[in-house]
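One file, upload37.txt, carrying compact mmCIF, C-alpha atoms and all ligand atoms:
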```
# COMPACT_ATOMS: atom_id res chain seq x y z
CA MET G 1 25.89 -56.18 66.11
CA SER G 2 27.26 -52.72 67.00
CA LYS G 3 30.60 -54.33 67.90
CA ARG G 4 30.71 -56.01 64.48
CA ILE G 5 30.08 -52.72 62.70
CA ALA G 6 32.60 -50.90 64.87
CA LYS G 7 35.21 -53.54 64.08
CA LYS G 8 34.49 -53.29 60.42
CA LYS G 9 34.72 -49.51 60.53
CA GLN G 10 38.02 -49.74 62.35
CA ASP G 11 39.35 -52.25 59.83
CA TYR G 12 38.37 -49.88 57.08
CA LEU G 13 39.91 -46.77 58.60
CA TYR G 14 43.09 -48.39 59.97
CA PRO G 15 43.59 -51.50 57.84
CA VAL G 16 46.25 -53.55 59.60
CA ASN G 17 47.53 -55.51 56.62
CA THR G 18 47.24 -52.76 54.05
CA ASN G 19 50.33 -51.64 52.23
CA ARG G 20 50.99 -48.07 51.13
CA SER G 21 49.76 -48.49 47.52
CA GLU G 22 46.50 -50.17 48.64
CA LEU G 23 46.01 -47.34 51.10
CA THR G 24 46.49 -44.81 48.30
CA ASP G 25 43.87 -46.69 46.24
CA ILE G 26 41.41 -46.66 49.12
CA LEU G 27 41.98 -42.95 49.69
CA SER G 28 41.51 -42.17 46.03
CA VAL G 29 38.22 -44.16 45.96
CA MET G 30 37.07 -42.24 49.06
CA GLU G 31 38.08 -38.97 47.47
CA ARG G 32 36.06 -39.84 44.38
CA LEU G 33 33.06 -40.84 46.50
CA LEU G 34 33.21 -37.55 48.37
CA TYR G 35 33.50 -35.71 45.08
CA TRP G 36 30.37 -37.43 43.70
CA ALA G 37 28.55 -36.88 46.99
CA ALA G 38 29.33 -33.15 46.74
CA ILE G 39 27.98 -33.03 43.17
CA ILE G 40 24.76 -34.81 44.20
CA GLU G 41 24.32 -32.52 47.19
CA SER G 42 24.84 -29.33 45.19
CA SER G 43 22.50 -30.31 42.32
CA ASP G 44 19.36 -28.23 41.76
CA ASP G 45 17.62 -31.40 40.61
CA ALA G 46 16.15 -33.78 43.15
CA ILE G 47 18.34 -36.89 43.32
CA ILE G 48 16.66 -39.67 45.27
CA SER G 49 17.38 -43.34 45.74
CA LEU G 50 14.77 -45.98 46.51
CA ASP G 51 14.91 -49.54 47.77
CA ILE G 52 13.20 -52.36 45.93
CA GLU G 53 9.88 -51.71 47.74
CA GLY G 54 9.89 -48.09 46.62
CA ASN G 55 10.89 -46.62 49.99
CA ILE G 56 13.12 -43.56 49.98
CA ARG G 57 16.74 -44.30 51.00
CA SER G 58 18.53 -41.06 50.17
CA TRP G 59 17.42 -37.49 49.55
CA ASN G 60 19.61 -34.59 48.44
CA LYS G 61 19.28 -30.85 49.02
CA GLY G 62 17.67 -30.38 45.57
CA ALA G 63 14.91 -32.81 46.60
CA GLN G 64 14.35 -30.83 49.78
CA GLU G 65 14.08 -27.60 47.80
CA ILE G 66 11.66 -29.03 45.25
CA TYR G 67 9.41 -31.09 47.52
CA GLY G 68 9.84 -29.27 50.86
CA TYR G 69 10.60 -32.36 53.01
CA THR G 70 13.89 -32.64 54.89
CA SER G 71 15.76 -35.92 54.64
CA GLU G 72 14.90 -36.69 58.29
CA GLU G 73 11.21 -36.34 57.49
CA ILE G 74 11.14 -38.39 54.32
CA ILE G 75 13.77 -41.16 54.43
CA GLY G 76 12.07 -44.51 54.94
CA LYS G 77 8.71 -43.27 53.59
CA PRO G 78 7.28 -44.71 50.34
CA ILE G 79 7.91 -42.59 47.25
CA SER G 80 4.13 -42.55 46.70
CA VAL G 81 3.84 -39.78 49.33
CA LEU G 82 5.03 -37.44 46.57
CA MET G 83 2.32 -38.52 44.17
CA PRO G 84 -0.87 -36.49 43.99
CA THR G 85 -4.24 -38.25 43.97
CA GLY G 86 -4.88 -39.44 40.46
CA LYS G 87 -1.19 -40.10 39.85
CA LYS G 88 -0.80 -42.92 42.37
CA GLU G 89 -0.90 -45.45 39.54
CA ASP G 90 2.39 -43.95 38.33
CA PHE G 91 4.01 -45.72 41.23
CA SER G 92 3.21 -49.31 40.24
CA THR G 93 3.76 -48.57 36.52
CA ILE G 94 7.22 -47.16 37.24
CA LEU G 95 8.13 -49.99 39.62
CA ASN G 96 6.95 -52.63 37.14
CA ARG G 97 9.12 -51.15 34.41
CA LEU G 98 12.08 -50.94 36.80
CA TYR G 99 11.75 -54.62 37.79
CA LYS G 100 12.09 -55.38 34.09
CA GLY G 101 15.31 -53.31 34.09
CA ILE G 102 13.81 -50.57 31.91
CA LYS G 103 15.10 -47.04 32.43
CA ILE G 104 12.50 -44.25 32.32
CA VAL G 105 13.81 -41.13 30.65
CA HIS G 106 12.37 -37.59 30.81
CA TYR G 107 8.94 -38.75 31.87
CA GLU G 108 6.79 -35.66 32.47
CA THR G 109 4.25 -35.96 35.26
CA LYS G 110 2.84 -34.23 38.35
CA ARG G 111 4.03 -34.49 41.95
CA GLN G 112 2.88 -33.05 45.26
CA THR G 113 5.00 -30.99 47.63
CA LYS G 114 4.91 -31.04 51.45
CA ASP G 115 2.70 -27.92 51.50
CA GLY G 116 0.19 -29.54 49.14
CA ARG G 117 1.15 -27.78 45.88
CA THR G 118 1.02 -29.81 42.67
CA ILE G 119 4.11 -29.30 40.55
CA ASP G 120 5.23 -30.49 37.09
CA VAL G 121 8.36 -32.61 37.05
CA SER G 122 10.46 -34.39 34.47
CA LEU G 123 11.70 -37.73 35.83
CA THR G 124 14.53 -40.05 34.90
CA VAL G 125 14.42 -43.29 36.84
CA SER G 126 17.07 -46.02 36.52
CA PRO G 127 17.38 -49.40 38.20
CA ILE G 128 20.22 -49.88 40.73
CA ARG G 129 21.82 -53.33 40.53
CA ASP G 130 24.01 -55.25 42.97
CA PRO G 131 27.34 -56.74 41.81
CA HIS G 132 25.43 -59.86 40.60
CA GLY G 133 23.24 -57.74 38.35
CA ASP G 134 20.09 -58.11 40.47
CA ILE G 135 17.92 -55.03 40.81
CA ILE G 136 18.02 -53.77 44.39
CA GLY G 137 16.43 -50.36 44.02
CA ALA G 138 16.20 -47.29 41.84
CA SER G 139 17.78 -43.90 41.43
CA LYS G 140 15.54 -41.06 40.48
CA ILE G 141 16.36 -37.60 39.15
CA ALA G 142 13.49 -35.12 39.15
CA ARG G 143 13.57 -31.66 37.61
CA ASP G 144 10.95 -29.06 38.47
CA ILE G 145 9.47 -27.93 35.14
CA THR G 146 6.44 -26.11 36.53
CA GLU G 147 7.57 -22.73 35.25
CA ARG G 148 8.40 -24.07 31.79
CA LYS G 149 4.96 -25.74 31.61
CA LEU G 150 3.22 -22.55 32.70
CA ASN G 151 5.04 -20.51 30.06
CA GLU G 152 4.23 -23.13 27.46
CA GLN G 153 0.56 -23.05 28.43
CA LYS G 154 0.52 -19.24 28.25
CA ARG G 155 2.10 -19.37 24.82
CA ILE G 156 -0.40 -21.97 23.62
CA ASP G 157 -3.36 -19.99 24.97
CA LEU G 158 -2.10 -16.85 23.27
CA PHE G 159 -1.46 -18.66 19.96
CA SER G 160 -4.84 -20.28 20.19
CA SER G 161 -6.75 -17.04 20.60
CA ILE G 162 -4.69 -15.21 17.95
CA SER G 163 -5.08 -18.01 15.44
CA HIS G 164 -8.84 -18.18 15.91
CA GLU G 165 -9.08 -14.43 15.35
CA LEU G 166 -6.92 -14.52 12.21
CA LYS G 167 -8.35 -17.59 10.56
CA THR G 168 -11.63 -16.08 9.29
CA PRO G 169 -10.28 -12.87 7.70
CA LEU G 170 -7.35 -14.74 6.15
CA THR G 171 -9.55 -17.45 4.67
CA SER G 172 -11.75 -14.84 3.06
CA GLN G 173 -8.66 -12.92 1.83
CA LYS G 174 -7.43 -16.15 0.19
CA LEU G 175 -10.79 -16.75 -1.42
CA PHE G 176 -10.93 -13.27 -2.97
CA GLY G 177 -7.23 -13.51 -3.90
CA ASP G 178 -7.91 -16.73 -5.83
CA LEU G 179 -10.86 -15.10 -7.62
CA LEU G 180 -8.71 -12.10 -8.51
CA GLU G 181 -5.93 -14.36 -9.81
CA LYS G 182 -8.39 -16.17 -12.07
CA GLN G 183 -9.72 -12.87 -13.40
CA ILE G 184 -6.21 -11.51 -14.03
CA LEU G 185 -5.21 -14.70 -15.86
CA LYS G 186 -8.44 -14.54 -17.88
CA ASN G 187 -7.74 -10.93 -18.90
CA GLY G 188 -4.20 -11.92 -19.89
CA ASP G 189 -2.86 -9.22 -17.60
CA ILE G 190 0.66 -10.65 -17.42
CA LYS G 191 2.10 -7.67 -15.52
CA TYR G 192 -0.06 -8.35 -12.44
CA LYS G 193 0.03 -12.14 -12.65
CA THR G 194 3.22 -12.53 -10.55
CA TYR G 195 2.04 -10.00 -7.99
CA ILE G 196 -1.25 -11.73 -7.28
CA GLN G 197 0.37 -15.17 -7.34
CA ASN G 198 2.88 -14.04 -4.72
CA ILE G 199 0.14 -12.53 -2.57
CA ASN G 200 -1.83 -15.79 -2.74
CA LYS G 201 1.24 -17.89 -2.01
CA GLN G 202 2.09 -15.86 1.08
CA THR G 203 -1.54 -15.91 2.25
CA GLY G 204 -1.47 -19.70 1.83
CA LYS G 205 1.65 -19.85 4.03
CA LEU G 206 -0.03 -17.72 6.70
CA ILE G 207 -3.07 -19.98 6.70
CA GLN G 208 -0.78 -23.00 7.06
CA ILE G 209 0.92 -21.41 10.10
CA ILE G 210 -2.47 -20.67 11.65
CA ASN G 211 -3.60 -24.25 11.00
CA ASP G 212 -0.43 -25.61 12.63
CA LEU G 213 -1.01 -23.41 15.67
CA MET G 214 -4.57 -24.63 15.99
CA GLU G 215 -3.40 -28.23 15.61
CA VAL G 216 -0.83 -27.87 18.35
CA THR G 217 -3.54 -26.65 20.72
CA ARG G 218 -5.71 -29.62 19.75
CA SER G 219 -2.83 -32.04 20.16
CA ARG G 220 -1.98 -30.67 23.60
CA THR G 221 -5.53 -30.90 24.81
CA GLY G 222 -5.89 -34.40 23.34
CA ARG G 223 -8.41 -33.22 20.74
CA LEU G 224 -6.41 -34.15 17.65
CA THR G 225 -8.86 -36.19 15.61
CA ILE G 226 -7.66 -39.31 13.81
CA GLU G 227 -9.89 -40.94 11.18
CA LYS G 228 -8.68 -44.28 9.99
CA HIS G 229 -9.04 -45.97 6.62
CA TYR G 230 -7.17 -48.60 4.65
CA PHE G 231 -4.95 -47.16 1.94
CA SER G 232 -2.10 -48.14 -0.35
CA PHE G 233 1.06 -46.82 1.23
CA ASP G 234 3.01 -46.52 -2.04
CA GLU G 235 0.24 -44.51 -3.67
CA PHE G 236 0.04 -42.25 -0.62
CA ILE G 237 3.79 -41.50 -0.64
CA ARG G 238 3.74 -40.90 -4.40
CA GLU G 239 0.96 -38.31 -3.99
CA GLN G 240 2.84 -36.54 -1.21
CA VAL G 241 6.07 -36.36 -3.16
CA TYR G 242 4.34 -35.19 -6.34
CA SER G 243 2.51 -32.36 -4.61
CA THR G 244 5.69 -31.19 -2.83
CA ARG G 245 7.56 -31.22 -6.16
CA LEU G 246 4.99 -28.77 -7.57
CA SER G 247 5.87 -26.11 -5.03
CA SER G 248 9.62 -26.61 -4.72
CA GLN G 249 12.79 -26.02 -6.69
CA HIS G 250 14.47 -28.97 -4.97
CA LYS G 251 14.82 -32.28 -6.78
CA ILE G 252 12.89 -34.80 -4.72
CA GLU G 253 13.80 -38.38 -5.60
CA LEU G 254 11.46 -41.20 -4.62
CA LYS G 255 13.03 -44.62 -4.13
CA GLY G 256 11.68 -48.03 -3.10
CA LYS G 257 8.28 -49.67 -2.81
CA THR G 258 6.41 -51.38 -0.03
CA ASN G 259 3.36 -53.01 -1.71
CA LYS G 260 1.65 -52.62 1.66
CA THR G 261 -1.67 -51.35 2.95
CA VAL G 262 -1.74 -49.15 6.02
CA PHE G 263 -4.70 -48.49 8.30
CA GLY G 264 -4.50 -44.87 9.35
CA ASP G 265 -5.44 -41.26 8.85
CA LYS G 266 -4.15 -40.36 5.40
CA ALA G 267 -4.55 -36.61 5.92
CA ARG G 268 -2.74 -36.62 9.27
CA LEU G 269 0.05 -38.84 7.92
CA GLY G 270 0.19 -36.49 4.93
CA GLN G 271 0.88 -33.66 7.40
CA VAL G 272 3.83 -35.66 8.74
CA VAL G 273 5.34 -36.31 5.30
CA THR G 274 4.77 -32.69 4.24
CA ASN G 275 6.48 -31.46 7.38
CA LEU G 276 9.51 -33.73 6.91
CA LEU G 277 9.78 -32.75 3.25
CA SER G 278 9.40 -29.05 3.88
CA ASN G 279 12.01 -29.20 6.65
CA ALA G 280 14.38 -31.13 4.37
CA ILE G 281 13.96 -28.38 1.77
CA LYS G 282 14.02 -25.44 4.19
CA TYR G 283 17.14 -26.57 6.02
CA SER G 284 19.09 -27.30 2.80
CA PRO G 285 19.75 -23.85 1.40
CA ASN G 286 22.92 -24.99 -0.40
CA SER G 287 21.79 -28.31 -1.76
CA ASP G 288 18.89 -29.04 -4.05
CA LYS G 289 18.53 -32.75 -3.47
CA VAL G 290 16.14 -34.61 -1.17
CA ILE G 291 15.72 -38.39 -1.26
CA VAL G 292 12.60 -40.16 -0.02
CA ASN G 293 13.09 -43.86 0.52
CA VAL G 294 10.27 -46.26 1.38
CA SER G 295 10.69 -49.87 2.43
CA ALA G 296 8.84 -52.61 4.26
CA GLU G 297 10.43 -54.37 7.22
CA ASN G 298 8.59 -57.31 8.83
CA SER G 299 5.27 -55.87 9.88
CA HIS G 300 6.21 -52.21 9.34
CA VAL G 301 6.65 -49.74 6.53
CA VAL G 302 9.53 -47.31 6.94
CA VAL G 303 9.92 -43.89 5.32
CA ALA G 304 13.25 -42.05 5.27
CA VAL G 305 13.52 -38.41 4.16
CA LYS G 306 17.16 -37.58 3.54
CA ASP G 307 18.60 -34.14 2.92
CA PHE G 308 22.11 -32.79 2.46
CA GLY G 309 21.56 -29.56 4.32
CA ILE G 310 22.80 -27.85 7.45
CA GLY G 311 22.22 -30.83 9.77
CA ILE G 312 21.61 -30.69 13.51
CA PRO G 313 24.41 -30.39 16.10
CA GLN G 314 24.58 -33.46 18.37
CA ILE G 315 23.85 -31.48 21.56
CA TYR G 316 20.35 -30.64 20.31
CA HIS G 317 19.39 -34.14 19.18
CA LYS G 318 17.51 -34.97 22.37
CA ARG G 319 15.30 -31.91 22.12
CA ILE G 320 14.26 -31.93 18.46
CA PHE G 321 10.75 -33.31 19.05
CA GLU G 322 10.00 -30.90 21.93
CA ARG G 323 7.20 -28.45 21.32
CA PHE G 324 8.50 -24.99 20.24
CA PHE G 325 12.11 -26.19 20.15
CA ARG G 326 14.21 -24.68 17.38
CA VAL G 327 17.94 -25.13 16.96
CA PHE G 328 19.15 -22.02 15.31
CA GLY G 329 18.92 -19.47 18.14
CA SER G 330 20.57 -16.49 16.53
CA ASN G 331 19.80 -17.55 12.96
CA GLU G 332 16.14 -18.22 13.58
CA LYS G 333 15.11 -15.46 11.23
CA GLU G 334 16.97 -17.15 8.40
CA TYR G 335 14.67 -20.17 8.62
CA THR G 336 11.06 -19.33 9.38
CA GLY G 337 9.08 -21.64 11.62
CA LEU G 338 7.60 -22.11 15.05
CA GLY G 339 9.10 -25.39 16.21
CA ILE G 340 5.80 -27.25 16.29
CA GLY G 341 5.85 -29.39 13.13
CA LEU G 342 7.99 -32.24 14.49
CA ASN G 343 6.17 -32.27 17.82
CA LEU G 344 2.88 -32.65 15.97
CA ALA G 345 4.43 -35.29 13.68
CA LYS G 346 5.51 -37.30 16.71
CA ASP G 347 2.05 -37.08 18.21
CA ILE G 348 0.43 -38.29 14.96
CA ILE G 349 2.90 -41.15 14.45
CA THR G 350 2.63 -42.30 18.08
CA ARG G 351 -1.14 -42.39 17.74
CA HIS G 352 -0.65 -44.74 14.79
CA ARG G 353 1.53 -47.01 16.98
CA GLY G 354 4.49 -45.96 14.89
CA LYS G 355 7.88 -44.50 15.64
CA ILE G 356 9.69 -41.39 14.45
CA TRP G 357 13.42 -40.73 14.74
CA PHE G 358 16.34 -39.18 12.90
CA THR G 359 20.06 -39.21 12.29
CA SER G 360 21.94 -36.03 11.55
CA LYS G 361 25.44 -34.61 11.27
CA HIS G 362 26.03 -30.92 11.67
CA GLY G 363 26.91 -29.47 8.27
CA GLN G 364 26.22 -32.70 6.38
CA GLY G 365 22.48 -33.20 6.43
CA SER G 366 19.77 -35.15 8.19
CA THR G 367 17.58 -38.18 7.61
CA PHE G 368 14.20 -38.29 9.32
CA PHE G 369 12.52 -41.69 9.53
CA PHE G 370 9.13 -42.93 10.58
CA SER G 371 7.68 -46.39 10.70
CA LEU G 372 4.07 -47.52 10.77
CA PRO G 373 2.55 -50.91 11.35
CA VAL G 374 1.24 -52.61 8.22
CA SER G 375 -2.52 -53.21 8.26
CA SER G 376 -3.21 -56.52 9.99
CA ARG G 377 -5.91 -57.13 7.34
CA GLU G 378 -2.96 -58.16 5.17
CA ASN G 379 -2.13 -60.84 7.71
CA GLY G 380 -5.75 -62.05 7.74
CA ARG G 381 -6.39 -60.73 11.27
CA ARG G 382 -9.01 -58.30 12.48
CA ASN G 383 -7.56 -54.85 12.83
CA ALA G 384 -7.34 -53.19 16.21
CA THR G 385 -8.15 -49.52 15.95
CA ILE G 386 -5.35 -47.03 16.31
CA ASP G 387 -6.94 -45.41 19.30
CA ASP G 388 -6.85 -48.78 21.09
CA ALA G 389 -3.10 -48.27 21.31
CA PRO G 390 -1.86 -47.84 24.85
CA ALA G 391 -0.31 -44.47 25.68
CA VAL G 392 3.45 -44.57 25.22
P1 LIG G 401 10.24 -25.47 12.48
O1 LIG G 401 10.93 -26.00 11.27
O2 LIG G 401 8.96 -24.79 12.17
O3 LIG G 401 11.13 -24.67 13.36
P2 LIG G 401 9.95 -28.24 13.38
O4 LIG G 401 9.23 -28.74 14.58
O5 LIG G 401 9.53 -28.80 12.08
O6 LIG G 401 9.77 -26.68 13.43
O7 LIG G 401 11.49 -28.51 13.59
C1 LIG G 401 12.10 -28.19 14.84
C2 LIG G 401 13.55 -27.80 14.65
O8 LIG G 401 14.30 -28.94 14.25
C3 LIG G 401 13.78 -26.77 13.55
O9 LIG G 401 13.62 -25.45 14.03
C4 LIG G 401 15.21 -27.06 13.14
O10 LIG G 401 16.07 -26.41 14.04
C5 LIG G 401 15.35 -28.57 13.35
N1 LIG G 401 15.16 -29.35 12.09
C6 LIG G 401 14.07 -30.01 11.72
N2 LIG G 401 14.26 -30.64 10.54
C7 LIG G 401 15.52 -30.36 10.16
C8 LIG G 401 16.35 -30.72 9.04
N3 LIG G 401 15.89 -31.51 8.05
N4 LIG G 401 17.62 -30.25 9.00
C9 LIG G 401 18.10 -29.47 10.00
N5 LIG G 401 17.38 -29.08 11.08
C10 LIG G 401 16.11 -29.53 11.17
```

Just give me the structure as C-alpha cells.
Amino acid sequence: MSKRIAKKKQDYLYPVNTNRSELTDILSVMERLLYWAAIIESSDDAIISLDIEGNIRSWNKGAQEIYGYTSEEIIGKPISVLMPTGKKEDFSTILNRLYKGIKIVHYETKRQTKDGRTIDVSLTVSPIRDPHGDIIGASKIARDITERKLNEQKRIDLFSSISHELKTPLTSQKLFGDLLEKQILKNGDIKYKTYIQNINKQTGKLIQIINDLMEVTRSRTGRLTIEKHYFSFDEFIREQVYSTRLSSQHKIELKGKTNKTVFGDKARLGQVVTNLLSNAIKYSPNSDKVIVNVSAENSHVVVAVKDFGIGIPQIYHKRIFERFFRVFGSNEKEYTGLGIGLNLAKDIITRHRGKIWFTSKHGQGSTFFFSLPVSSRENGRRNATIDDAPAV
C-alpha cells in the first residue's frame, strides 16, 4: 500500500512522460491550490470539511480560534461534538438537507467550544460532489456572531424598556391633542388648526415608532400574536391603498385583481403592506408614483409594490431583511427609520407560509413582492392553521 502511494507521489512529482507544457499546467494548478489553501488558512471564519457521515476531514486556523480545538484533536470526530445539548437535532436536519443537495445559507444557530462556552454562529453549508455529481461530503463556513447577537440583544432590551416608558404618556398626549383639535375646529380657529394638526401627526408618528419597537421585541421573543380569519384579499388591498392615499402626496395606483380569499391575520398583513407602501414613498423623494399590483398564481396571491425611487445598491441586497439594517449610512438622517419594518414584515409573512422578496436597481427604484397561500377552503379542503407551519 505504502509502496503504491510512494510510486504515485513520485509519478506526480517527477512525471516521466510529461512534456514541458503539461508540466507548466501542473505547476500552475499546484500554485492555484496553494493560493486557495493560504486563503482558507488565513480566514477568520471557520472553514471545515466533512465526509458523508458528518466526520470532520479538515479544519482551518479560523476554526481553531472559534472553537478552541486544534486540527489534531478534532479531525476524524463527528461534527456533532460542536453542538450544544438541545441543538443536536441540527445535525440530522443539516445532513438530510445536504443529502438532497440543498445548500444552507446564513443559518444562525448555537455551537459549543472546547472550553464549554456556547457561542452564536452563522453557518453556510454546501454539499461536496465527486466528478460524477455524487455527494461525498460537505463544506462548512461558520462565522462567530456572538458579539453581534449580544449587541442586538442589548439594543432590543433598551428599546423595549424605553418604549414601554414612553407609550403611556404619548398615548395620553395624543388623546388630549385629538380633543384639542376637535375644539379648535369647532371654534373655527383657523390660525391654530395647522399647528395642532401637525402636533397630532407627529405624535402619531412617534406612537407608530414605539409600536414598531414593541413589535420587534415580541417578534424576537416569539410572542408576535397572529389571529387568523378568512378575508377577501382584493378588498383588503383596496383598504390598505385607500388609507395610505389619505396620508400621502404620492399617486398610488392599484392594478390587478385576485378574486381570492386568504386565511390570515388581516391586521398583521396590513402592517406589511403599510410598511412596503411607506418605504416606497419614503425612498422616492424625486418621484411621486407608486404602483401596487396584485395577481393570483396557482395557489398563491402575489402583491408587488413598485417605486421609482433611489433603489438599493446590489451589495446590500442580501442584508435588507436583517433586523436594524439600513442602507444609507451617512444619509440616514435624510430618511428616518429604525431598520425594523422589513424584518417584522418577513416574520409576519413567513408565519403565513408566504414569501417576501424584492428586486431593485440603485437609482432606478425597487419592487417589493410578497406571496401568500390562497385559503384552502376555496379548494374544498380543511384549512391547516398558519401556526401549524413548520419553521423555515
Ligand atoms: P427603515 O425604513 O425604517 O429604515 P425597513 O426595515 O423598512 O426600515 O427597511 C430597511 C432598509 O431597507 C431601509 O433603511 C432602506 O435602506 C432599505 N429600503 C427599504 N425599502 C426601500 C425602498 N423601497 N427603496 C429603497 N430602499 C429601501

### Query
From the list G:Ile66, G:Val301, G:Ile184, G:Ile156, which residue is nearest Arg143 of chain G when using only C-alpha atoms?
G:Ile66

### Summary
Taken to one decimal, the atom CA of Phe91 of chain G-atom CA of Thr70 of chain G distance is 21.3 Å

### Message
Taking 5 positions as the minimum chain separation for residues in the same chain, which residues sit within 7 Å of segment 348-360 of chain G when counting all atoms listed in the file? Answer as a ChimeraX atom specification.
### Response
/G:264,268,311-312,365-373,386-387,389

Which polymer residues have any atom within 7 Å of an atom of segment 283-289 of chain G, counting all atoms listed in the file, with same-chain residues fewer than 2 positions away left out, as a tab-separated table (two decimals) with C-alpha atoms, keeping the file's coordinate frame?
```tsv
chain	number	residue	atom	x	y	z
G	250	HIS	CA	14.47	-28.97	-4.97
G	251	LYS	CA	14.82	-32.28	-6.78
G	252	ILE	CA	12.89	-34.80	-4.72
G	279	ASN	CA	12.01	-29.20	6.65
G	280	ALA	CA	14.38	-31.13	4.37
G	281	ILE	CA	13.96	-28.38	1.77
G	291	ILE	CA	15.72	-38.39	-1.26
G	307	ASP	CA	18.60	-34.14	2.92
G	308	PHE	CA	22.11	-32.79	2.46
G	309	GLY	CA	21.56	-29.56	4.32
G	310	ILE	CA	22.80	-27.85	7.45
```

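For the atom pair formed by atom C5 of ligand LIG 401 (chain G) and atom CA of Lys282 of chain G, the distance is 9.8 Å, given to one decimal.
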
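Nearest to ligand LIG 401 (chain G) of all the residues G:Val273, G:Ile40, G:Leu338, G:Met30 is G:Leu338, based on all atoms listed in the file.
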
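With all atoms listed in the file as the atoms that count, the residue of G:Ser247, G:Thr274, G:Gln202, G:Ser49 with the shortest distance to ligand LIG 401 (chain G) is G:Thr274.
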
### Message
List as a count of residues only the protein and nucleic acid residues near segment 168-183 of chain G, meaning an atom at most 12 Å away when all atoms listed in the file are counted, but skip any in the same chain fewer than 3 places from it.
### Response
30

May I have the residues within 8 Å of Pro84 of chain G as a PDB file with C-alpha atoms, in the coordinates of the input, using only C-alpha atoms and disregarding those fewer than 6 positions away in the same chain?
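As written to disk, result.pdb reads:
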```pdb
ATOM      1  CA  LYS G 110       2.840 -34.230  38.350  1.00  0.00           C
ATOM      2  CA  ARG G 111       4.030 -34.490  41.950  1.00  0.00           C
ATOM      3  CA  GLN G 112       2.880 -33.050  45.260  1.00  0.00           C
ATOM      4  CA  THR G 118       1.020 -29.810  42.670  1.00  0.00           C
TER       5      THR G 118
END
```
